[in-house]
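Engineer: First the structure, then my questions, so here it is.
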Amino acid sequence: MRLLNLFHYPYIYAFLLFMLMAPAVGQTISGTNGSTSDSDEIGILFYYLPETLAQVGSLEQLHLALDKQIAQVNHIFSNSDIPAHFVLSAVEPWPFLNEEWSLLSARTIYRTMKPYVNQLWSAGAFHQVGADALFLVDYRYREDTHCGWASIDTEAGLRNKHVTRSYGVVRLGKGCGTHASMLAHEIGHLLGAAHGHEHALEASSYLGYGVRCAGKATLMHTSFPKHDFVSSPDILLDGEACGYQDTADNRQLFIERAPLLANKVGAPSSSSSTSESYSTQEASQKSSGAGHPQGGSVNALLLTLLLLMHGLPHCRMTCLVDTGTPHRHP
C-alpha cells in the first residue's frame, strides 16, 4: 500500500523517476569536457589569407591540406599515449584587410596578429565554433623562412578565460605543407614546450624540451628527420631514452596541459552576440557532443514534466522546479 500511495504524491514520484532516468540514459558521458571518451577534445579554428586560397587552388583543397595536418596531430598524440583529440572547428577567410602579410615572415605575422586575435576573441569567434585555438594559414614563397610560429603559453595563460594566447601561424607551400609535423609542433608551443635544450628558446616548464634519440628528433626538437612522437623518458629506442625525467618530458607536460586547452572555450555557442563579420562558413563543429545538452538529462526532464502534467492537471507552471540549464563550458 505504501508503494501505491506514491501515485497520490506526484511530486515525489516524478522526482524519483527523474533521478533514476538521468544517470541511466546519460551514463556514457564522462570526462572534464563532456566527451564520450577519455580524451580531451581540442578545437582548431583556421583563418586563411586571400593569397593562400589563390595558391592552394580552392577551399576544398585547403580543407584537405588542413584535415591532413589535424590527422597527423592526432597520430602523434596517440602514438605518444597522450589522451587528447584534435578537431577542425572551422576554416574561414581572415576578416581583416592584411593582404601585405603574404610578404612577411611567419614570425612577423604572428607578432602583428595579437590585436586582431583579441578582437576575434572578444567578439566570440572562438566560442561560436567551439574553437580552443586559432591558426592563420599563410603561403610561403621563400624556403629560408619558418613554416610556423606560435606562442609558448603558460599554465596560468591556459587557465585564463578572459584573454587568449592560443594562436599562431602555419604556412603552406615551398616545403612547409610537406612537413607532416608542422601543426603538431606549433600546438606543442601552445602547450608550453620549446625546442631542444641547446636552443635559446625557453619553455614554460622544465619538462618542455625535445631531444634527439636513435638518429631522429622528437616532435619539438628543430632538427630533421623526426620521430612521430614527443619526448619521454619512458620511450626507449636502441637502448637510448627519448627524453629525460627532469628536463625533457613533453608527454607528461602535454598530458597536464591538454585538458586546460581543451576547456579554454569548449562547445560551440548558441549566442548571437558575434557580429556577422565573424560568422562561420562551412563550420565543422565538435562532434563528441561536449557542452551540448546531455541527452539523458533532457529526456528524463521531459518525462518528468509529462508526469507532472498528468498527475497535476491543475498545477500552475510556477510549481515546476527548475532543474538547471544544459551544461556548457565557460
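Residue names in the C-alpha cells use chain letters A, B, ... in the order shown, residue numbers from 1 in each chain, and ligand numbers from 1 in the order shown.
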Which of stretch 204-242 of chain A counts as strand (DSSP E or B) under DSSP, as a VMD selection string please?

Structural biologist: chain A and resid 210 212 to 213 216 to 217 226 232 to 237 240 to 242

Engineer: Using DSSP secondary structure from the backbone, list all alpha helix (DSSP H) positions within stretch 81-260 of chain A, as a compact mmCIF listing (two decimals) with N, CA, C and O atoms, in the first residue's frame.

Structural biologist:
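The file below, selection.txt, is the result:
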# COMPACT_ATOMS: atom_id res chain seq x y z
N ALA A 106 56.65 34.38 -41.01
CA ALA A 106 55.67 33.85 -40.05
C ALA A 106 55.83 34.53 -38.69
O ALA A 106 54.84 34.82 -38.02
N ARG A 107 57.05 34.81 -38.32
CA ARG A 107 57.31 35.46 -37.03
C ARG A 107 56.71 36.86 -37.00
O ARG A 107 56.07 37.25 -36.01
N THR A 108 56.89 37.62 -38.08
CA THR A 108 56.36 38.98 -38.13
C THR A 108 54.84 38.98 -38.14
O THR A 108 54.20 39.80 -37.47
N ILE A 109 54.25 38.05 -38.89
CA ILE A 109 52.78 37.95 -38.92
C ILE A 109 52.27 37.64 -37.53
O ILE A 109 51.31 38.26 -37.06
N TYR A 110 52.91 36.69 -36.85
CA TYR A 110 52.47 36.31 -35.51
C TYR A 110 52.51 37.53 -34.57
O TYR A 110 51.56 37.77 -33.81
N ARG A 111 53.57 38.28 -34.62
CA ARG A 111 53.71 39.43 -33.72
C ARG A 111 52.72 40.54 -34.06
O ARG A 111 52.41 41.37 -33.20
N THR A 112 52.22 40.55 -35.29
CA THR A 112 51.26 41.56 -35.69
C THR A 112 49.82 41.12 -35.40
O THR A 112 48.91 41.95 -35.37
N MET A 113 49.62 39.85 -35.18
CA MET A 113 48.28 39.29 -35.06
C MET A 113 47.56 39.62 -33.75
O MET A 113 46.33 39.62 -33.70
N LYS A 114 48.29 39.88 -32.70
CA LYS A 114 47.70 39.94 -31.36
C LYS A 114 46.44 40.80 -31.25
O LYS A 114 45.41 40.32 -30.75
N PRO A 115 46.45 42.07 -31.69
CA PRO A 115 45.22 42.88 -31.54
C PRO A 115 44.04 42.32 -32.33
O PRO A 115 42.89 42.45 -31.91
N TYR A 116 44.32 41.71 -33.48
CA TYR A 116 43.24 41.12 -34.27
C TYR A 116 42.66 39.89 -33.59
O TYR A 116 41.45 39.69 -33.58
N VAL A 117 43.55 39.05 -33.03
CA VAL A 117 43.08 37.86 -32.31
C VAL A 117 42.26 38.28 -31.09
O VAL A 117 41.23 37.67 -30.77
N ASN A 118 42.70 39.33 -30.42
CA ASN A 118 41.94 39.83 -29.27
C ASN A 118 40.54 40.27 -29.68
O ASN A 118 39.56 40.05 -28.95
N GLN A 119 40.43 40.92 -30.85
CA GLN A 119 39.11 41.33 -31.34
C GLN A 119 38.23 40.11 -31.62
O GLN A 119 37.04 40.09 -31.28
N LEU A 120 38.82 39.10 -32.25
CA LEU A 120 38.06 37.88 -32.55
C LEU A 120 37.62 37.18 -31.28
O LEU A 120 36.49 36.68 -31.18
N TRP A 121 38.51 37.14 -30.30
CA TRP A 121 38.18 36.50 -29.01
C TRP A 121 37.04 37.25 -28.33
O TRP A 121 36.07 36.64 -27.87
N SER A 122 37.15 38.57 -28.28
CA SER A 122 36.13 39.39 -27.61
C SER A 122 34.79 39.31 -28.35
O SER A 122 33.73 39.37 -27.72
N ALA A 123 34.83 39.19 -29.68
CA ALA A 123 33.61 39.14 -30.47
C ALA A 123 32.94 37.77 -30.43
O ALA A 123 31.83 37.61 -30.91
N ALA A 125 34.30 34.82 -31.73
CA ALA A 125 34.59 33.96 -32.88
C ALA A 125 35.03 32.57 -32.45
O ALA A 125 34.65 31.57 -33.08
N PHE A 126 35.82 32.48 -31.40
CA PHE A 126 36.25 31.18 -30.88
C PHE A 126 35.04 30.41 -30.35
O PHE A 126 34.83 29.24 -30.67
N HIS A 127 34.25 31.08 -29.53
CA HIS A 127 33.14 30.44 -28.85
C HIS A 127 32.06 29.99 -29.83
O HIS A 127 31.38 28.99 -29.60
N GLN A 128 31.89 30.74 -30.91
CA GLN A 128 30.82 30.44 -31.86
C GLN A 128 31.01 29.07 -32.50
O GLN A 128 30.02 28.39 -32.82
N VAL A 129 32.25 28.66 -32.72
CA VAL A 129 32.50 27.37 -33.37
C VAL A 129 33.13 26.36 -32.42
O VAL A 129 33.52 25.26 -32.84
N GLU A 155 50.80 27.68 -17.91
CA GLU A 155 49.63 27.09 -17.27
C GLU A 155 48.62 28.17 -16.90
O GLU A 155 47.41 28.01 -17.11
N ALA A 156 49.12 29.28 -16.36
CA ALA A 156 48.23 30.38 -15.99
C ALA A 156 47.53 30.96 -17.21
O ALA A 156 46.35 31.31 -17.18
N GLY A 157 48.25 31.07 -18.32
CA GLY A 157 47.67 31.60 -19.54
C GLY A 157 46.57 30.70 -20.08
O GLY A 157 45.55 31.19 -20.55
N LEU A 158 46.77 29.39 -20.01
CA LEU A 158 45.75 28.46 -20.50
C LEU A 158 44.52 28.47 -19.61
O LEU A 158 43.41 28.23 -20.07
N ARG A 159 44.70 28.74 -18.33
CA ARG A 159 43.57 28.79 -17.41
C ARG A 159 42.77 30.09 -17.53
O ARG A 159 41.61 30.15 -17.15
N MET A 182 54.15 19.81 -38.86
CA MET A 182 54.14 21.28 -38.76
C MET A 182 53.13 21.78 -37.73
O MET A 182 53.48 22.49 -36.78
N LEU A 183 51.86 21.43 -37.89
CA LEU A 183 50.83 21.91 -36.97
C LEU A 183 51.02 21.34 -35.57
O LEU A 183 50.86 22.04 -34.58
N ALA A 184 51.38 20.06 -35.48
CA ALA A 184 51.60 19.44 -34.18
C ALA A 184 52.70 20.15 -33.41
O ALA A 184 52.61 20.35 -32.19
N HIS A 185 53.74 20.57 -34.12
CA HIS A 185 54.85 21.28 -33.48
C HIS A 185 54.38 22.61 -32.90
O HIS A 185 54.73 22.96 -31.77
N GLU A 186 53.58 23.36 -33.68
CA GLU A 186 53.11 24.65 -33.18
C GLU A 186 52.13 24.48 -32.02
O GLU A 186 52.11 25.30 -31.09
N ILE A 187 51.31 23.44 -32.06
CA ILE A 187 50.42 23.16 -30.93
C ILE A 187 51.23 22.83 -29.69
O ILE A 187 50.86 23.20 -28.57
N GLY A 188 52.35 22.16 -29.88
CA GLY A 188 53.24 21.88 -28.76
C GLY A 188 53.71 23.15 -28.07
O GLY A 188 53.85 23.19 -26.84
N HIS A 189 53.94 24.21 -28.86
CA HIS A 189 54.30 25.51 -28.26
C HIS A 189 53.15 26.05 -27.42
O HIS A 189 53.36 26.58 -26.33
N LEU A 190 51.91 25.93 -27.95
CA LEU A 190 50.76 26.43 -27.20
C LEU A 190 50.64 25.72 -25.85
O LEU A 190 50.12 26.31 -24.88
N ASN A 250 58.00 15.94 -22.80
CA ASN A 250 56.84 16.61 -23.42
C ASN A 250 55.56 15.82 -23.21
O ASN A 250 54.47 16.40 -23.10
N ARG A 251 55.67 14.50 -23.15
CA ARG A 251 54.47 13.69 -22.95
C ARG A 251 53.78 14.06 -21.64
O ARG A 251 52.57 14.30 -21.62
N GLN A 252 54.53 14.12 -20.56
CA GLN A 252 53.93 14.46 -19.27
C GLN A 252 53.39 15.89 -19.28
O GLN A 252 52.31 16.16 -18.74
N LEU A 253 54.13 16.79 -19.90
CA LEU A 253 53.69 18.19 -19.98
C LEU A 253 52.37 18.30 -20.73
O LEU A 253 51.45 19.00 -20.30
N PHE A 254 52.27 17.62 -21.87
CA PHE A 254 51.06 17.70 -22.68
C PHE A 254 49.87 17.03 -22.00
O PHE A 254 48.73 17.47 -22.16
N ILE A 255 50.13 15.96 -21.27
CA ILE A 255 49.05 15.32 -20.50
C ILE A 255 48.48 16.29 -19.48
O ILE A 255 47.27 16.34 -19.25
N GLU A 256 49.36 17.11 -18.87
CA GLU A 256 48.92 18.07 -17.86
C GLU A 256 48.24 19.29 -18.49
O GLU A 256 47.26 19.82 -17.95
N ARG A 257 48.73 19.73 -19.65
CA ARG A 257 48.25 20.99 -20.22
C ARG A 257 47.09 20.82 -21.21
O ARG A 257 46.28 21.74 -21.37
N ALA A 258 47.00 19.68 -21.89
CA ALA A 258 45.95 19.50 -22.90
C ALA A 258 44.54 19.71 -22.35
O ALA A 258 43.71 20.35 -23.02
N PRO A 259 44.21 19.22 -21.14
CA PRO A 259 42.86 19.48 -20.61
C PRO A 259 42.58 20.97 -20.42
O PRO A 259 41.43 21.41 -20.57
N LEU A 260 43.61 21.75 -20.11
CA LEU A 260 43.42 23.19 -19.94
C LEU A 260 43.09 23.85 -21.27
O LEU A 260 42.21 24.71 -21.36

Engineer: Which one is closest to A:His63: A:Phe77, A:Phe46, A:Trp94, A:Tyr167? Count only C-alpha atoms.

Structural biologist: A:Phe46

Engineer: With a distance cut-off of 12 Å and only C-alpha atoms, select the neighbouring residues of A:His75, excluding the residue or stretch itself and same-chain residues fewer than 3 positions from it, and output the selection as an MDAnalysis selection string.

Structural biologist: chainID A and resid 68:72 78:86 180:181 183:184 219 227:230

Engineer: Identify, on the basis of only C-alpha atoms, every residue whose closest approach to A:Val87 does not exceed 7 Å; exclude the query and any residue fewer than 2 positions from it along the same chain; express the result as a list in words.

Structural biologist: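 So, after excluding close chain neighbours, the residues are Ile42, Gly43, Ile44, Ile70, His85, Ser89 and Lys286 of chain A.
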
Engineer: Near A:Asp234, counting only C-alpha atoms, which residues have an atom at most 8 Å away, once you skip same-chain residues fewer than 6 positions from it, shown as a PDB file with N, CA, C and O atoms, in the first residue's frame?

Structural biologist:
ATOM      1  N   ALA A 241      67.180   6.469 -24.302  1.00  0.00           N
ATOM      2  CA  ALA A 241      65.950   7.128 -23.848  1.00  0.00           C
ATOM      3  C   ALA A 241      65.649   8.332 -24.727  1.00  0.00           C
ATOM      4  O   ALA A 241      66.551   9.092 -25.092  1.00  0.00           O
ATOM      5  N   CYS A 242      64.373   8.522 -25.063  1.00  0.00           N
ATOM      6  CA  CYS A 242      63.954   9.645 -25.901  1.00  0.00           C
ATOM      7  C   CYS A 242      63.410  10.792 -25.064  1.00  0.00           C
ATOM      8  O   CYS A 242      62.451  11.484 -25.454  1.00  0.00           O
ATOM      9  N   GLY A 243      64.018  11.001 -23.912  1.00  0.00           N
ATOM     10  CA  GLY A 243      63.629  12.087 -23.031  1.00  0.00           C
ATOM     11  C   GLY A 243      64.324  11.957 -21.698  1.00  0.00           C
ATOM     12  O   GLY A 243      65.037  10.964 -21.446  1.00  0.00           O
TER      13      GLY A 243
END

Engineer: Atom CA of A:Tyr139 to atom CA of A:Tyr48: how many Å, to one decimal?

Structural biologist: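 Going from atom CA of A:Tyr139 over to atom CA of A:Tyr48 covers 9.2 Å.
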
Engineer: Compile the contact shell of A:Met220 as a ChimeraX atom specification: residues with an atom at most 8 Å away, counting only C-alpha atoms, same-chain residues fewer than 3 positions apart removed.

Structural biologist: /A:185,188,193-196,209-211,217,230-231

Engineer: Export N, CA and C atoms of the chosen residues as a short mmCIF file (atom, residue, chain, number, x, y, z; two decimals), in the first residue's frame?

Structural biologist:
data_model
loop_
_atom_site.label_atom_id
_atom_site.label_comp_id
_atom_site.auth_asym_id
_atom_site.auth_seq_id
_atom_site.Cartn_x
_atom_site.Cartn_y
_atom_site.Cartn_z
N HIS A 185 53.74 20.57 -34.12
CA HIS A 185 54.85 21.28 -33.48
C HIS A 185 54.38 22.61 -32.90
N GLY A 188 52.35 22.16 -29.88
CA GLY A 188 53.24 21.88 -28.76
C GLY A 188 53.71 23.15 -28.07
N ALA A 193 55.75 23.97 -24.59
CA ALA A 193 57.05 23.39 -24.95
C ALA A 193 57.86 24.34 -25.81
N ALA A 194 59.18 24.22 -25.70
CA ALA A 194 60.09 24.98 -26.55
C ALA A 194 60.72 24.01 -27.55
N HIS A 195 62.00 24.15 -27.82
CA HIS A 195 62.70 23.24 -28.73
C HIS A 195 63.63 22.35 -27.91
N GLY A 196 64.86 22.21 -28.37
CA GLY A 196 65.83 21.44 -27.60
C GLY A 196 66.54 22.32 -26.58
N TYR A 209 61.03 20.30 -23.31
CA TYR A 209 62.09 20.29 -24.31
C TYR A 209 62.09 18.99 -25.10
N GLY A 210 62.46 19.12 -26.38
CA GLY A 210 62.59 17.96 -27.24
C GLY A 210 64.02 17.45 -27.24
N VAL A 211 64.21 16.24 -27.75
CA VAL A 211 65.54 15.63 -27.78
C VAL A 211 65.73 14.89 -29.10
N ALA A 217 64.81 13.17 -34.33
CA ALA A 217 64.37 14.14 -33.33
C ALA A 217 62.93 13.86 -32.92
N VAL A 230 56.46 12.49 -29.11
CA VAL A 230 57.09 13.58 -28.35
C VAL A 230 58.12 13.00 -27.39
N SER A 231 58.91 13.86 -26.81
CA SER A 231 59.95 13.39 -25.89
C SER A 231 59.35 12.76 -24.63
#
